[in-house]
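Colleague: Sharing a structure, written as structure tokens. Questions coming.
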Amino acid sequence: MSQSQSQSQGQGGSHSLAFRVMRLCRPSFNVDPPLRLDPADLFVGEDLFDDPSAAPPLSLSTSASAVQHSDPNYRARFLLHHFSDAMGLSGLLVLPQSFGAIYLGETFCSYISINNSSNLEVREIIIKAEIQTERQRILLLDTSKSPVESIRAGGRYDFIVEHDVKELGPHTLVCTALYNDGDGERKYLPQFFKFIVANPLSVRTKVRVIKETTFLEACIENHTKSNLFMDQVDFEPAQHYSATILKGDGHHSEKDSPTRETFKPPILIRSGGGIYNYLYQLQSSSDGSAPTKVEGSNVLGKLQITWRTNLGEPGRLQTQQILGTPATKKEIELQVVEVPSIINLQKPFMLKLSLTNQTDRELGPFEVSLSQNASYGERVVMINGLQSMVLSQVQALESTNFHLNLIATKPGIQRITGITVYDTREMKSYEPLPDLEIFVDLD
């Protein structure tokens with residue numbers, strides 16, 4: 001049990017009781033560092049690889065095993081008794097000797113024993129155990145309502161406490177006991193066990209928006225001294241988004257494997273700075289009628305991360321809300337619905353467009369025309385007939401389709417530029433339709 005980081009203070013005089021604390025966590029492998037060797041190497045050397053037939057009849061299985069069963073002086077402790085001995089793993093597990101490294105997202109579990117080191121029995125013991133952080137104090141155990149009746153001389157009282165670690169920085173496990181000693185005196189014993197909570201990993205994100213699709217890249221870096229096996233890295237999107245994780249094509253033998261979806265091996269992120277990247281595709285949810293983008297909302301969602309260490313110690317973290325580019329809600333949206341498959345030079349053609357009202361009020365009437373802005377340069381595609389087209393009012397969250405009569409004056413690949421919508425009632429113009437490329441045929 002670890003008491004190296006404990007501090008006690010209280011009433012003057014010695015105490016009959018004392019706390020002993022041991023952290024309950026998965027054991028570690030016992031690594032045997034001394035170098036082991038095969039006795040054959042001392043006599044044969046590298047000649048064995050050149051001419052195995054010239055080697056003397058000395059082998060690992062005979063020499064090492066023979067010495068192993070009759071070695072009272074442990075002279076064979078440096079010999080390889082089995083090929084696996086070269087790994088240095090003795091087959092033993094080591095219990096934690098101290099609090100060790102404690103990371104955010106883990107469950108801190110501690111075995112606490114209160115010992116009576118005096119020659120007299122103590123009675124009416126009220127025990128409390130708390131975790132104290134920089135922001136709060138969390139009660140883990142309190143026997144005030146049912147005190148421990150007695151602890152005999154040389155006896156002890158044991159209990160286990162657990163706490164989900166959700167804060168970084170210094171933590172203190174506070175253990176207190178209020179009891180009657182052998183002389184009937186009421187005494188108060190506090191003891192403090194301090195430890196530091198570190199961050200096991202860091203998450204860096206990048207957001208890219210391509211047309212109506214948002215891509216989120218999450219880079220997870222391991223800051224611990226142990227390998228992390230990621231059981232789950234899920235992105236929980238905000239209410240108006242849906243998310244899909246994008247993965248590279250696996251090995252051809254794994255693509256059609258029936259066990260691939262049943263058993264998904266965890267992703268390894270190596271200790272001391274190993275990284276792994278996840279890519280998610282986010283799209284705005286749609287109910288088929290009304291737009292769902294929220295004006296000014298830039299919350300994309302958050303990541304839920306669960307992992308295990310080498311020996312299965314679990315951990316879980318949830319990131320803060322991940323922010324993207326604020327979504328600005330457009331009042332209207334002008335889109336191309338249909339372009340003729342064949343467009344001939346100097347012959348009119350009809351371009352089918354759709355105008356959508358994305359507000360909760362009625363808009364219009366509108367005028368559709370080609371912008372007279374000089375930045376568009378010489379126009380090759382122009383309106384055929386009246387230079388502006390009048391559209392009636394569009395109801396809230398509804399759309400209307402219309403056709404624009406155009407004519408091209410030059411052959412080849414050309415651009416339709418500057419199609420603009422003007423609200424005659426509110427006296428304002430909206431953003432022009434993006435340039436549209438067409439091919440104009442001579443015939």
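To be explicit about the labels: the chains of the structure tokens are called A, B, and onward in the order shown, and within each one the residues are counted from 1, while ligands get numbers from 1 in the order they are shown.
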Could you name the residues that touch Ile419 in chain A at 9 Å or less, counting only C-alpha atoms, but leaving out those on the same chain fewer than 5 positions away, as a list in words?
Modeller: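 Listed by chain and then number, they are Val368, Ser369, Leu370, Ser371, Pro432, Leu433, Pro434 and Asp435 of chain A.
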Colleague: Generate the output file for the selected residues, all heavy atoms, as a compact mmCIF listing (two decimals), in the first residue's frame.
Modeller:
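Output file again07.txt follows:
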# COMPACT_ATOMS: atom_id res chain seq x y z
N VAL A 368 -35.87 39.32 -62.47
CA VAL A 368 -34.69 38.54 -62.81
C VAL A 368 -34.07 39.14 -64.06
O VAL A 368 -34.76 39.32 -65.08
CB VAL A 368 -35.04 37.06 -63.03
CG1 VAL A 368 -33.77 36.26 -63.36
CG2 VAL A 368 -35.74 36.47 -61.81
N SER A 369 -32.78 39.47 -63.98
CA SER A 369 -32.10 40.10 -65.12
C SER A 369 -30.63 39.73 -65.08
O SER A 369 -30.16 39.04 -64.16
CB SER A 369 -32.26 41.62 -65.06
OG SER A 369 -31.67 42.14 -63.88
N LEU A 370 -29.89 40.19 -66.11
CA LEU A 370 -28.43 40.04 -66.13
C LEU A 370 -27.80 41.30 -65.59
O LEU A 370 -28.13 42.41 -66.00
CB LEU A 370 -27.94 39.77 -67.56
CG LEU A 370 -28.38 38.45 -68.20
CD1 LEU A 370 -27.77 38.30 -69.59
CD2 LEU A 370 -27.99 37.27 -67.34
N SER A 371 -26.88 41.13 -64.65
CA SER A 371 -26.23 42.27 -64.02
C SER A 371 -25.49 43.11 -65.05
O SER A 371 -24.86 42.58 -65.97
CB SER A 371 -25.27 41.78 -62.94
OG SER A 371 -24.52 42.86 -62.41
N PRO A 432 -25.72 37.10 -56.98
CA PRO A 432 -25.96 36.52 -58.31
C PRO A 432 -25.78 35.00 -58.31
O PRO A 432 -25.10 34.43 -57.45
CB PRO A 432 -24.92 37.19 -59.20
CG PRO A 432 -24.41 38.37 -58.43
CD PRO A 432 -24.58 38.04 -56.99
N LEU A 433 -26.35 34.37 -59.31
CA LEU A 433 -26.16 32.95 -59.51
C LEU A 433 -24.71 32.69 -59.91
O LEU A 433 -24.15 33.43 -60.73
CB LEU A 433 -27.11 32.46 -60.62
CG LEU A 433 -27.05 30.97 -60.95
CD1 LEU A 433 -27.75 30.16 -59.86
CD2 LEU A 433 -27.72 30.70 -62.30
N PRO A 434 -24.07 31.66 -59.34
CA PRO A 434 -22.69 31.36 -59.76
C PRO A 434 -22.61 31.12 -61.26
O PRO A 434 -23.57 30.66 -61.89
CB PRO A 434 -22.36 30.08 -58.97
CG PRO A 434 -23.27 30.12 -57.79
CD PRO A 434 -24.52 30.77 -58.26
N ASP A 435 -21.45 31.43 -61.85
CA ASP A 435 -21.27 31.26 -63.30
C ASP A 435 -21.56 29.83 -63.70
O ASP A 435 -21.22 28.86 -63.00
CB ASP A 435 -19.85 31.63 -63.70
CG ASP A 435 -19.59 33.12 -63.52
OD1 ASP A 435 -20.55 33.84 -63.18
OD2 ASP A 435 -18.42 33.54 -63.70
Colleague: I'd like the neighbourhood of Leu17 in chain A as a ChimeraX atom specification, where a residue qualifies if any of its atoms comes within 12 Å (using only C-alpha atoms), though same-chain residues fewer than 2 positions away should be ignored.
Modeller: /A:8,14-15,19-20,113-123,125-127,150-157,175-182,187-191
Colleague: Report, in Å to a single decimal, how far apart CA of Ser354 in chain A and CA of Ser388 in chain A are.
Modeller: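 Distance between the two atoms: 16.1 Å.
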Colleague: I'd like the neighbourhood of range 307-323 of chain A as a ChimeraX atom specification, where a residue qualifies if any of its atoms comes within 10 Å (using only C-alpha atoms), though same-chain residues fewer than 2 positions away should be ignored.
Modeller: /A:25-29,103-107,164-166,200-203,205-207,216,224-238,266-269,271,297-305,325-326
Colleague: Please provide the set of residues having any atom within 12 Å of Phe439 in chain A, restricted to only C-alpha atoms, with same-chain residues fewer than 5 positions apart removed, written as a count of residues only.
Modeller: 18
Colleague: Please indicate the distance in Å from CA of Ser144 in chain A to CA of Arg23 in chain A, rounded to one decimal place.
Modeller: 24.3 Å
Colleague: Just asking: which residues within range 170-398 of chain A are strand (DSSP E) according to DSSP, as a ChimeraX atom specification?
Modeller: /A:170-180,186-198,201-210,213-222,228-237,241-246,267-269,275-284,299-308,314-318,322-323,332-338,343-344,349-357,366-370,381-383,388-391
Colleague: Name the residues in contact with Tyr422 in chain A at a cut-off of 7 Å, using only C-alpha atoms, excluding same-chain residues fewer than 3 positions from it; report them as an mmCIF file with N, CA, C and O atoms, in the first residue's frame.
Modeller:
data_model
loop_
_atom_site.group_PDB
_atom_site.id
_atom_site.type_symbol
_atom_site.label_atom_id
_atom_site.label_comp_id
_atom_site.auth_asym_id
_atom_site.auth_seq_id
_atom_site.Cartn_x
_atom_site.Cartn_y
_atom_site.Cartn_z
ATOM 1 N N PHE A 366 -40.360 39.865 -57.651
ATOM 2 C CA PHE A 366 -38.954 39.888 -58.015
ATOM 3 C C PHE A 366 -38.798 40.245 -59.503
ATOM 4 O O PHE A 366 -39.718 40.046 -60.308
ATOM 5 N N GLU A 367 -37.624 40.747 -59.822
ATOM 6 C CA GLU A 367 -37.199 40.937 -61.205
ATOM 7 C C GLU A 367 -35.909 40.153 -61.416
ATOM 8 O O GLU A 367 -34.972 40.282 -60.626
ATOM 9 N N VAL A 368 -35.875 39.323 -62.468
ATOM 10 C CA VAL A 368 -34.687 38.536 -62.805
ATOM 11 C C VAL A 368 -34.069 39.141 -64.057
ATOM 12 O O VAL A 368 -34.758 39.320 -65.075
ATOM 13 N N LYS A 428 -33.937 45.665 -52.919
ATOM 14 C CA LYS A 428 -32.573 45.178 -52.730
ATOM 15 C C LYS A 428 -32.302 44.011 -53.669
ATOM 16 O O LYS A 428 -33.204 43.268 -54.061
ATOM 17 N N SER A 429 -31.021 43.874 -54.043
ATOM 18 C CA SER A 429 -30.576 42.797 -54.921
ATOM 19 C C SER A 429 -29.938 41.698 -54.086
ATOM 20 O O SER A 429 -29.323 41.966 -53.040
ATOM 21 N N TYR A 430 -30.070 40.481 -54.578
ATOM 22 C CA TYR A 430 -29.476 39.328 -53.900
ATOM 23 C C TYR A 430 -28.236 38.862 -54.650
ATOM 24 O O TYR A 430 -27.950 39.304 -55.763
#
